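**Student:** Next comes the structure file entry_20.cif, holding mmCIF, C-alpha atoms and all ligand atoms.
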data_final
loop_
_atom_site.label_atom_id
_atom_site.label_comp_id
_atom_site.auth_asym_id
_atom_site.auth_seq_id
_atom_site.Cartn_x
_atom_site.Cartn_y
_atom_site.Cartn_z
CA MET A 15 -13.86 30.02 17.82
CA ARG A 16 -14.89 26.70 16.31
CA ALA A 17 -15.45 25.63 12.71
CA VAL A 18 -15.77 22.41 10.74
CA ALA A 19 -14.44 21.86 7.22
CA VAL A 20 -14.62 19.10 4.65
CA ALA A 21 -11.90 18.34 2.08
CA HIS A 22 -11.27 15.54 -0.36
CA PRO A 23 -8.03 13.72 -1.07
CA ASN A 24 -6.42 14.14 -4.46
CA VAL A 25 -4.48 11.88 -6.77
CA ALA A 26 -1.66 13.25 -8.89
CA LEU A 27 -1.38 12.27 -12.55
CA VAL A 28 1.95 14.07 -12.82
CA LYS A 29 3.44 13.65 -9.39
CA TYR A 30 5.35 15.35 -6.61
CA TRP A 31 8.24 13.31 -5.23
CA GLY A 32 11.10 15.31 -3.73
CA LYS A 33 11.68 18.80 -2.38
CA ARG A 34 13.84 21.69 -3.47
CA ALA A 35 13.86 23.02 0.11
CA ARG A 36 12.83 21.68 3.50
CA ALA A 37 12.18 25.24 4.70
CA GLY A 38 8.67 26.06 3.53
CA ASN A 39 8.25 22.44 2.35
CA LEU A 40 8.86 23.49 -1.26
CA PRO A 41 8.42 20.71 -3.84
CA ALA A 42 11.16 20.05 -6.41
CA THR A 43 8.58 19.97 -9.20
CA GLY A 44 5.03 20.98 -10.01
CA SER A 45 2.17 18.47 -10.14
CA LEU A 46 -1.20 17.90 -11.75
CA SER A 47 -3.99 16.22 -9.79
CA LEU A 48 -7.61 15.14 -9.62
CA VAL A 49 -9.75 15.73 -6.53
CA LEU A 50 -11.59 12.59 -5.35
CA GLY A 51 -15.04 13.82 -4.36
CA GLY A 52 -16.18 10.38 -3.17
CA LEU A 53 -13.70 10.25 -0.27
CA ALA A 54 -13.72 12.85 2.47
CA THR A 55 -11.96 14.19 5.53
CA GLU A 56 -13.96 16.18 8.04
CA THR A 57 -12.05 18.28 10.55
CA SER A 58 -13.19 20.47 13.40
CA VAL A 59 -10.94 23.08 14.98
CA ASP A 60 -11.90 24.59 18.33
CA PHE A 61 -9.60 27.30 19.75
CA ASP A 62 -9.87 27.14 23.54
CA PRO A 63 -7.88 29.43 25.87
CA ALA A 64 -8.12 26.74 28.57
CA LEU A 65 -5.90 24.34 26.59
CA ALA A 66 -2.16 24.23 27.37
CA ARG A 67 -1.27 22.76 23.96
CA ASP A 68 -2.89 21.74 20.69
CA ARG A 69 -4.69 18.41 20.96
CA VAL A 70 -5.07 16.54 17.67
CA LEU A 71 -7.10 13.38 17.25
CA LEU A 72 -6.94 11.77 13.83
CA ASP A 73 -9.48 8.97 13.56
CA GLY A 74 -9.50 8.91 17.37
CA ARG A 75 -5.71 8.59 17.75
CA GLU A 76 -3.04 11.05 18.85
CA ASP A 77 0.38 11.01 17.16
CA PRO A 78 3.22 13.42 18.09
CA GLU A 79 4.49 13.89 14.51
CA THR A 80 1.03 14.77 13.17
CA THR A 81 0.46 17.12 16.11
CA SER A 82 3.69 19.01 15.48
CA ARG A 83 2.81 19.49 11.78
CA VAL A 84 -0.69 20.66 12.77
CA THR A 85 0.75 23.07 15.34
CA ALA A 86 3.09 24.57 12.70
CA CYS A 87 0.06 25.40 10.50
CA LEU A 88 -2.07 26.62 13.40
CA ASP A 89 0.78 28.87 14.61
CA LEU A 90 0.68 30.71 11.27
CA LEU A 91 -3.11 31.07 11.48
CA ARG A 92 -2.80 32.28 15.10
CA GLY A 93 -0.19 34.79 13.91
CA GLU A 94 -2.56 36.09 11.22
CA ALA A 95 -5.37 36.49 13.77
CA GLY A 96 -3.26 37.74 16.69
CA VAL A 97 -4.60 34.93 18.85
CA SER A 98 -2.61 32.64 21.15
CA ALA A 99 -5.24 30.08 22.21
CA ARG A 100 -4.40 26.43 21.58
CA ALA A 101 -6.87 24.26 19.68
CA ALA A 102 -8.64 20.95 19.91
CA VAL A 103 -8.62 19.34 16.46
CA LEU A 104 -10.76 16.35 15.58
CA SER A 105 -10.28 14.84 12.14
CA ARG A 106 -12.01 11.85 10.60
CA ASN A 107 -11.42 10.14 7.27
CA ASP A 108 -14.10 8.00 5.63
CA PHE A 109 -11.31 6.02 3.88
CA PRO A 110 -8.08 4.25 5.01
CA THR A 111 -5.66 6.74 6.63
CA GLY A 112 -1.95 6.94 5.74
CA ALA A 113 -2.20 4.17 3.16
CA GLY A 114 -1.40 6.09 -0.01
CA LEU A 115 -4.81 7.71 -0.41
CA ALA A 116 -3.55 11.24 0.21
CA SER A 117 -5.09 11.57 3.66
CA SER A 118 -2.48 14.18 4.57
CA ALA A 119 -3.55 16.34 1.61
CA SER A 120 -7.23 16.30 2.53
CA GLY A 121 -6.34 16.51 6.23
CA PHE A 122 -4.28 19.69 5.96
CA ALA A 123 -6.66 21.29 3.44
CA ALA A 124 -9.54 20.71 5.88
CA LEU A 125 -7.39 21.83 8.84
CA VAL A 126 -6.44 25.24 7.44
CA THR A 127 -9.97 25.85 6.12
CA ALA A 128 -11.52 25.05 9.51
CA GLY A 129 -8.76 26.86 11.43
CA ALA A 130 -9.13 30.04 9.38
CA GLY A 131 -12.93 29.77 9.70
CA ALA A 132 -12.76 29.33 13.48
CA LEU A 133 -10.59 32.46 13.78
CA GLY A 134 -12.85 34.48 11.45
CA LEU A 135 -9.94 35.02 9.04
CA HIS A 136 -10.58 35.82 5.40
CA LEU A 137 -7.16 35.03 4.00
CA LYS A 138 -6.28 35.22 0.33
CA PRO A 139 -6.40 31.73 -1.23
CA GLN A 140 -2.66 31.99 -1.93
CA ARG A 141 -1.87 32.56 1.76
CA LEU A 142 -4.11 29.69 2.86
CA ALA A 143 -2.39 27.43 0.31
CA GLU A 144 1.04 28.39 1.65
CA ILE A 145 -0.02 27.54 5.19
CA ALA A 146 -1.50 24.21 4.03
CA ARG A 147 1.72 23.40 2.13
CA LEU A 148 3.72 23.48 5.37
CA GLY A 149 1.59 20.60 6.64
CA SER A 150 1.65 18.63 3.39
CA GLY A 151 3.05 19.59 -0.01
CA SER A 152 0.05 18.05 -1.76
CA ALA A 153 -2.54 19.79 0.47
CA PRO A 154 -2.87 22.99 -1.61
CA ARG A 155 -4.20 20.79 -4.45
CA SER A 156 -7.14 19.78 -2.21
CA LEU A 157 -8.13 23.41 -1.55
CA LEU A 158 -9.40 23.58 -5.15
CA GLY A 159 -11.70 21.20 -7.03
CA GLY A 160 -11.60 19.17 -10.24
CA VAL A 161 -8.26 19.05 -12.06
CA VAL A 162 -5.63 21.16 -10.31
CA LEU A 163 -2.17 22.33 -11.39
CA LEU A 164 0.46 23.18 -8.77
CA THR A 165 3.53 25.01 -10.03
CA ASN A 166 6.68 26.41 -8.48
CA ARG A 167 6.92 30.17 -8.62
CA GLY A 168 9.90 31.89 -6.98
CA GLN A 169 10.01 30.95 -3.33
CA THR A 170 6.44 29.70 -3.29
CA THR A 171 3.95 27.49 -5.13
CA VAL A 172 0.80 28.50 -6.98
CA CYS A 173 -2.30 26.37 -7.57
CA GLU A 174 -4.94 26.82 -10.22
CA GLN A 175 -7.98 24.88 -11.34
CA VAL A 176 -7.49 23.55 -14.88
CA ALA A 177 -10.95 21.97 -15.22
CA ALA A 178 -13.99 22.00 -12.93
CA PRO A 179 -15.64 18.62 -12.22
CA ALA A 180 -18.45 19.39 -14.68
CA ASP A 181 -15.97 20.37 -17.43
CA TRP A 182 -14.61 16.83 -17.74
CA PRO A 183 -16.53 14.42 -15.47
CA LEU A 184 -13.85 11.76 -15.11
CA GLU A 185 -14.44 9.01 -12.55
CA ILE A 186 -11.86 7.31 -10.39
CA VAL A 187 -11.99 3.71 -9.19
CA VAL A 188 -9.72 2.97 -6.22
CA ALA A 189 -8.64 -0.64 -5.69
CA VAL A 190 -7.63 -1.01 -2.04
CA THR A 191 -5.10 -3.81 -1.62
CA THR A 192 -3.94 -3.15 1.97
CA SER A 193 -5.85 -1.32 4.66
CA GLY A 194 -3.05 -0.60 7.16
CA PRO A 195 -0.79 2.47 7.15
CA LYS A 196 2.27 2.39 4.90
CA ALA A 197 5.68 1.52 6.33
CA THR A 198 7.45 4.69 5.15
CA SER A 199 5.77 8.09 5.04
CA SER A 200 5.99 10.14 1.84
CA ARG A 201 8.04 12.77 3.67
CA GLU A 202 10.67 10.29 4.81
CA GLY A 203 10.58 8.38 1.52
CA MET A 204 11.18 11.51 -0.58
CA ALA A 205 14.12 12.58 1.57
CA ARG A 206 15.65 9.17 1.11
CA SER A 207 15.07 9.19 -2.69
CA GLU A 208 16.65 12.64 -3.03
CA GLN A 209 19.80 11.39 -1.33
CA THR A 210 20.17 7.89 -2.72
CA SER A 211 18.30 7.15 -5.97
CA PRO A 212 20.56 7.37 -9.04
CA TYR A 213 17.40 8.23 -11.01
CA TYR A 214 16.29 11.16 -8.85
CA ASP A 215 18.04 13.86 -10.92
CA SER A 216 16.55 12.48 -14.16
CA TRP A 217 13.12 12.44 -12.54
CA VAL A 218 13.40 16.14 -11.73
CA GLN A 219 14.95 17.07 -15.08
CA THR A 220 12.30 15.31 -17.19
CA HIS A 221 9.38 16.39 -15.03
CA GLY A 222 8.67 19.73 -16.72
CA GLY A 223 7.98 17.98 -20.03
CA ASP A 224 5.61 15.52 -18.35
CA LEU A 225 3.75 18.36 -16.67
CA GLU A 226 3.36 20.25 -19.95
CA ALA A 227 2.14 17.11 -21.72
CA GLY A 228 -0.34 16.33 -18.92
CA LEU A 229 -1.65 19.87 -18.90
CA ALA A 230 -2.04 19.96 -22.69
CA ALA A 231 -3.92 16.62 -22.58
CA VAL A 232 -6.35 17.91 -19.94
CA ARG A 233 -6.91 21.18 -21.79
CA ALA A 234 -7.61 19.26 -25.05
CA ARG A 235 -9.70 16.62 -23.15
CA ASP A 236 -7.38 14.11 -24.87
CA PHE A 237 -7.86 10.98 -22.74
CA PRO A 238 -5.38 8.70 -24.59
CA ALA A 239 -2.65 11.34 -24.30
CA LEU A 240 -3.40 11.80 -20.60
CA ALA A 241 -3.34 8.02 -20.08
CA ASP A 242 0.05 7.79 -21.76
CA ILE A 243 1.72 10.54 -19.76
CA ALA A 244 0.10 9.67 -16.41
CA GLU A 245 1.13 6.00 -16.53
CA HIS A 246 4.64 6.96 -17.65
CA ASN A 247 5.04 9.54 -14.88
CA CYS A 248 3.69 7.14 -12.26
CA LEU A 249 6.06 4.34 -13.27
CA LYS A 250 8.98 6.78 -13.42
CA MET A 251 8.28 7.87 -9.84
CA HIS A 252 8.11 4.22 -8.74
CA ALA A 253 11.43 3.60 -10.54
CA VAL A 254 12.91 6.30 -8.31
CA MET A 255 11.31 4.73 -5.25
CA LEU A 256 12.54 1.22 -6.13
CA THR A 257 16.09 2.49 -6.65
CA THR A 258 16.12 4.35 -3.33
CA ARG A 259 18.28 2.90 -0.54
CA PRO A 260 16.86 1.24 1.48
CA PRO A 261 14.29 0.60 -1.27
CA LEU A 262 10.71 1.86 -1.19
CA ILE A 263 8.57 -0.99 -2.49
CA TYR A 264 5.04 0.31 -1.97
CA TRP A 265 3.38 -2.26 -4.24
CA THR A 266 1.86 -5.58 -3.28
CA PRO A 267 1.32 -8.44 -5.75
CA ALA A 268 -2.29 -7.25 -6.04
CA THR A 269 -1.09 -3.75 -6.99
CA LEU A 270 0.82 -5.16 -9.94
CA ALA A 271 -2.06 -7.46 -10.91
CA CYS A 272 -4.35 -4.40 -11.03
CA LEU A 273 -1.91 -2.53 -13.31
CA HIS A 274 -1.95 -5.46 -15.74
CA ARG A 275 -5.75 -5.63 -15.55
CA VAL A 276 -6.11 -1.93 -16.35
CA GLN A 277 -3.78 -2.28 -19.34
CA GLU A 278 -5.80 -5.28 -20.56
CA LEU A 279 -9.04 -3.32 -20.24
CA ARG A 280 -7.56 -0.49 -22.27
CA ARG A 281 -6.37 -2.90 -24.96
CA ASP A 282 -9.99 -4.10 -25.06
CA GLY A 283 -11.13 -0.56 -25.78
CA VAL A 284 -12.13 0.59 -22.27
CA PRO A 285 -11.01 4.20 -21.67
CA VAL A 286 -9.15 3.79 -18.37
CA PHE A 287 -5.60 4.29 -17.08
CA PHE A 288 -3.85 3.64 -13.79
CA THR A 289 -1.85 5.61 -11.30
CA VAL A 290 -0.32 4.59 -7.95
CA ASP A 291 0.97 6.88 -5.19
CA ALA A 292 3.22 6.14 -2.22
CA GLY A 293 1.18 3.13 -1.22
CA PRO A 294 -0.25 -0.11 -2.59
CA GLN A 295 -3.63 1.20 -3.79
CA VAL A 296 -4.35 1.52 -7.51
CA LYS A 297 -6.38 4.41 -8.85
CA ALA A 298 -8.00 3.78 -12.21
CA VAL A 299 -9.08 6.96 -13.98
CA CYS A 300 -12.06 6.44 -16.29
CA LEU A 301 -13.94 8.38 -18.92
CA PRO A 302 -17.66 8.74 -18.03
CA GLY A 303 -19.69 5.55 -18.44
CA VAL A 304 -17.10 2.85 -17.79
CA ALA A 305 -16.36 3.09 -14.04
CA GLY A 306 -18.88 0.34 -13.19
CA ASP A 307 -17.17 -2.16 -15.49
CA VAL A 308 -13.71 -1.12 -14.30
CA ALA A 309 -14.78 -1.45 -10.64
CA ALA A 310 -16.13 -4.96 -11.29
CA ALA A 311 -12.93 -5.98 -13.11
CA LEU A 312 -10.68 -4.70 -10.32
CA ALA A 313 -12.85 -6.20 -7.56
CA ALA A 314 -12.26 -9.61 -9.20
CA VAL A 315 -8.45 -9.27 -9.04
CA PRO A 316 -7.10 -11.59 -6.31
CA GLY A 317 -5.91 -9.59 -3.28
CA VAL A 318 -8.17 -6.59 -3.86
CA LEU A 319 -9.93 -5.97 -0.53
CA GLN A 320 -12.28 -3.20 -1.51
CA VAL A 321 -13.15 -1.04 -4.48
CA LEU A 322 -14.21 2.59 -4.07
CA ARG A 323 -15.73 4.76 -6.79
CA SER A 324 -15.37 8.49 -6.90
CA PRO A 325 -16.42 11.35 -9.15
CA LEU A 326 -14.24 14.46 -9.31
CA GLY A 327 -14.88 16.65 -6.28
CA GLU A 328 -14.95 20.24 -5.12
CA GLY A 329 -12.31 22.05 -3.11
CA ALA A 330 -12.16 22.31 0.69
CA ARG A 331 -15.01 24.23 2.26
CA LEU A 332 -16.49 25.10 5.62
CA ARG A 333 -19.43 22.98 6.65
CA ALA A 334 -22.51 25.05 7.28
CA ASN A 335 -24.42 24.47 10.55
CA ALA A 336 -21.40 22.91 12.26
CA ASP A 337 -22.64 21.29 15.47
C1 LIG B 401 1.63 13.12 -5.26
N1 LIG B 401 2.69 12.11 -3.25
O1 LIG B 401 1.95 13.97 -6.10
C2 LIG B 401 2.74 12.28 -4.66
C3 LIG B 401 2.77 10.92 -5.24
C4 LIG B 401 2.99 10.77 -2.88
C5 LIG B 401 3.27 10.04 -4.13
O2 LIG B 401 2.23 14.23 -2.82
O3 LIG B 401 6.26 15.66 2.61
O4 LIG B 401 2.18 13.69 1.81
O5 LIG B 401 4.01 16.19 3.54
O6 LIG B 401 4.85 17.40 1.53
O7 LIG B 401 2.06 15.98 0.76
C6 LIG B 401 2.77 12.95 -0.96
O8 LIG B 401 3.11 14.18 -0.49
O9 LIG B 401 4.27 14.97 1.40
C7 LIG B 401 2.55 13.12 -2.40
P1 LIG B 401 4.88 16.11 2.30
P2 LIG B 401 2.79 14.72 0.94
O10 LIG B 401 0.43 12.97 -4.90
#
Show me, as C-alpha cells, the structure contained in the file I just sent.
**Tutor:**
Amino acid sequence: MRAVAVAHPNVALVKYWGKRARAGNLPATGSLSLVLGGLATETSVDFDPALARDRVLLDGREDPETTSRVTACLDLLRGEAGVSARAAVLSRNDFPTGAGLASSASGFAALVTAGAGALGLHLKPQRLAEIARLGSGSAPRSLLGGVVLLTNRGQTTVCEQVAAPADWPLEIVVAVTTSGPKATSSREGMARSEQTSPYYDSWVQTHGGDLEAGLAAVRARDFPALADIAEHNCLKMHAVMLTTRPPLIYWTPATLACLHRVQELRRDGVPVFFTVDAGPQVKAVCLPGVAGDVAAALAAVPGVLQVLRSPLGEGARLRANAD
C-alpha cells in the first residue's frame, strides 16, 4: 500500500484568484497554465494500519494546516477504496516551498496520484482532479502536461490539455527574489480579496474575455497576443491584491526590476513576457531559443538570488520502481 509520484508545479497565464464556493474549493473563474517540467515535487504515500493518524512531512517539516488538507484528500481516496488505514506521506520539492512557485499545486497533484496508486485505485481522471482540487484549486492543472485549461462546469471544474510540450516548446525562466515562504497564503489572500478589494468584482467579470483571448493565442501559437493578455491578466490580479485590505504586496523591489527588464528585452525584439503569482518570483515565458539570454539578463538584475530554467513538463505520474 505504498506508491511514489512525481508532479511539476504550474504557472497560470490567465489566473485563478478567488472562489465561488468554499465547499468543494470551487474557483470563481477558469485559468490557463503552463506546467514547469524543470521543477518537481516527489511524494510517497504509505498506508499503514498501525498509524493512528496521517503523518505528513513536507521537506522534512510537519504543519497542522497542510496535514488537515492532505487528510481531506486522503479521506476521499480511502472512501473510494473502502480502506481506513492512515498514511505516512513524505513530500520533497526541489525548489523553494510556499514562495509563489505553486508548490501546493504540484504537491496535491503528486499526493492524489501516489495515494490512488498506493490503494490500487484506477479512478477516472475527472474524479482524481476533483479530489486534488480540494487540496489546492490549482492542483488539477498539474495532473496534465503542457498548456492546460481549467474551466468551471456546473458544480465542478474540468481540465483539458490545450497543447502538449512538443506542440509548442515554450521555456520558462524563473527569477527567484526571495527564498522564504510568503507571508500570506493564497487561500487566505483570496478570501481577503473577495471581501475587501473594490476591484474584485471587475476581475471576475472581465476574466472570461481574458481566458478566451489566452486560449485563442495558444491555439494560434500567437506569442505576441499571449504576451499581451498574460501580462495584462497578471497585473490585473496584482491590482486586486494591492487593493485588498490589509494589502497583499507580494512583490519585492527585485520583482519590479525584473518586470521592467522583461519589457525592455521585448522592446529589443526578444520574444519573452512575464507573469508573477502570489509571491515575489518572476516567471519569464520565452519562445524557443532565447531562454539562455533571458536567464542571463534576469540573473544580472540586482536582488535576483537565483535563476531557474524550465521546459514545459508532463502531468503527474507514478514513479516506476519506487523504493
Ligand atoms: C494561479 N494562484 O492561477 C494563481 C495565481 C496564485 C496566484 O492558483 O486556495 O494555492 O489552495 O485553491 O491552489 C494559488 O492557488 O489556492 C493560485 P487554494 P492555490 O496560479
**Student:** Tell me which of A:Leu135, A:Met251, A:Val161, A:Ala309 sits closest to Val232 in chain A, counting all atoms listed in the file.
**Tutor:**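 Checking each of A:Leu135, A:Met251, A:Val161, A:Ala309 against Val232 in chain A, counting all atoms listed in the file, the winner is A:Val161.
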**Student:** So, with all atoms listed in the file as the atoms that count, which of A:Ser98, A:Ser105, A:Thr127, A:Asn166 lies closest to Thr81 in chain A?
**Tutor:** A:Ser105
**Student:** Compile the contact shell of Arg155 in chain A as a list of chain:residue names: residues with an atom at most 8 Å away, counting all atoms listed in the file, same-chain residues fewer than 5 positions apart removed.
**Tutor:**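 Once the nearby chain positions are removed, what remains is A:Asn24, A:Ser47, A:Val49, A:Ala119, A:Val162, A:Leu163, A:Leu164, A:Cys173.
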**Student:** When you draw a straight line from CA of Val190 in chain A to CA of Pro294 in chain A, how long is it in Å?
**Tutor:** 7.5 Å
**Student:** Using only C-alpha atoms and all ligand atoms for the distances, tell me which of A:Gly52, A:Pro260, A:Gly93, A:Gly203 is nearest to ligand LIG 401 (chain B).
**Tutor:**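 Closest candidate: A:Gly203.
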**Student:** Let me have the centre and edge lengths of the axis-aligned box enclosing all listed atoms of ligand LIG 401 (chain B) with 5 Å padding on every side, in Å to one decimal, as JSON.
**Tutor:**
{"center_x": 3.3, "center_y": 13.7, "center_z": -1.3, "size_x": 15.8, "size_y": 17.4, "size_z": 19.6}
**Student:** With distances taken over all atoms listed in the file, which of A:Ala42, A:Leu322, A:Val59, A:Met204 is nearest to ligand LIG 401 (chain B)?
**Tutor:**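 Looking only at the distances to ligand LIG 401 (chain B), the closest residue turns out to be A:Met204.
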**Student:** Using only C-alpha atoms, which residues sit within 12 Å of Leu270 in chain A once same-chain residues fewer than 5 positions away are excluded, as a short mmCIF file (atom, residue, chain, number, x, y, z; two decimals) with C-alpha atoms, in the coordinates of the input?
**Tutor:**
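Okay, this is what ended up in result_37.cif:
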data_model
loop_
_atom_site.label_atom_id
_atom_site.label_comp_id
_atom_site.auth_asym_id
_atom_site.auth_seq_id
_atom_site.Cartn_x
_atom_site.Cartn_y
_atom_site.Cartn_z
CA ALA A 189 -8.64 -0.64 -5.69
CA THR A 191 -5.10 -3.81 -1.62
CA LEU A 249 6.06 4.34 -13.27
CA HIS A 252 8.11 4.22 -8.74
CA ILE A 263 8.57 -0.99 -2.49
CA TYR A 264 5.04 0.31 -1.97
CA TRP A 265 3.38 -2.26 -4.24
CA ARG A 275 -5.75 -5.63 -15.55
CA VAL A 276 -6.11 -1.93 -16.35
CA GLN A 277 -3.78 -2.28 -19.34
CA PHE A 288 -3.85 3.64 -13.79
CA THR A 289 -1.85 5.61 -11.30
CA VAL A 290 -0.32 4.59 -7.95
CA PRO A 294 -0.25 -0.11 -2.59
CA GLN A 295 -3.63 1.20 -3.79
CA VAL A 296 -4.35 1.52 -7.51
CA LEU A 312 -10.68 -4.70 -10.32
CA VAL A 315 -8.45 -9.27 -9.04
CA PRO A 316 -7.10 -11.59 -6.31
CA GLY A 317 -5.91 -9.59 -3.28
CA VAL A 318 -8.17 -6.59 -3.86
#
**Student:** For ligand LIG 401 (chain B), list the contacting residues at 6 Å or closer, counting all atoms listed in the file, as a ChimeraX atom specification.
**Tutor:** /A:25-26,29-31,118-119,149-153,200-201,291-292
**Student:** For Val284 in chain A, list every protein, DNA or RNA residue within 9 Å, evaluated using all atoms listed in the file, and leave out those in the same chain fewer than 3 positions away; present the list as a list in words.
**Tutor:**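 Skipping anything fewer than 3 positions along the chain leaves Val276, Glu278, Leu279, Arg280, Arg281, Cys300, Leu301, Val304, Asp307 and Val308 of chain A.
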**Student:** Residues as selected, C-alpha atoms, written as a PDB file, keeping the file's coordinate frame, can you do that?
**Tutor:**
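Contents of part-v8.pdb, as written:
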ATOM      1  CA  VAL A 276      -6.110  -1.930 -16.350  1.00  0.00           C
ATOM      2  CA  GLU A 278      -5.800  -5.280 -20.560  1.00  0.00           C
ATOM      3  CA  LEU A 279      -9.040  -3.320 -20.240  1.00  0.00           C
ATOM      4  CA  ARG A 280      -7.560  -0.490 -22.270  1.00  0.00           C
ATOM      5  CA  ARG A 281      -6.370  -2.900 -24.960  1.00  0.00           C
ATOM      6  CA  CYS A 300     -12.060   6.440 -16.290  1.00  0.00           C
ATOM      7  CA  LEU A 301     -13.940   8.380 -18.920  1.00  0.00           C
ATOM      8  CA  VAL A 304     -17.100   2.850 -17.790  1.00  0.00           C
ATOM      9  CA  ASP A 307     -17.170  -2.160 -15.490  1.00  0.00           C
ATOM     10  CA  VAL A 308     -13.710  -1.120 -14.300  1.00  0.00           C
TER      11      VAL A 308
END
**Student:** Could you tell me how far CA of Glu328 in chain A lies from CA of Arg141 in chain A, in Å and to one decimal?
**Tutor:**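 Computing it gives 19.2 Å between the two atoms.
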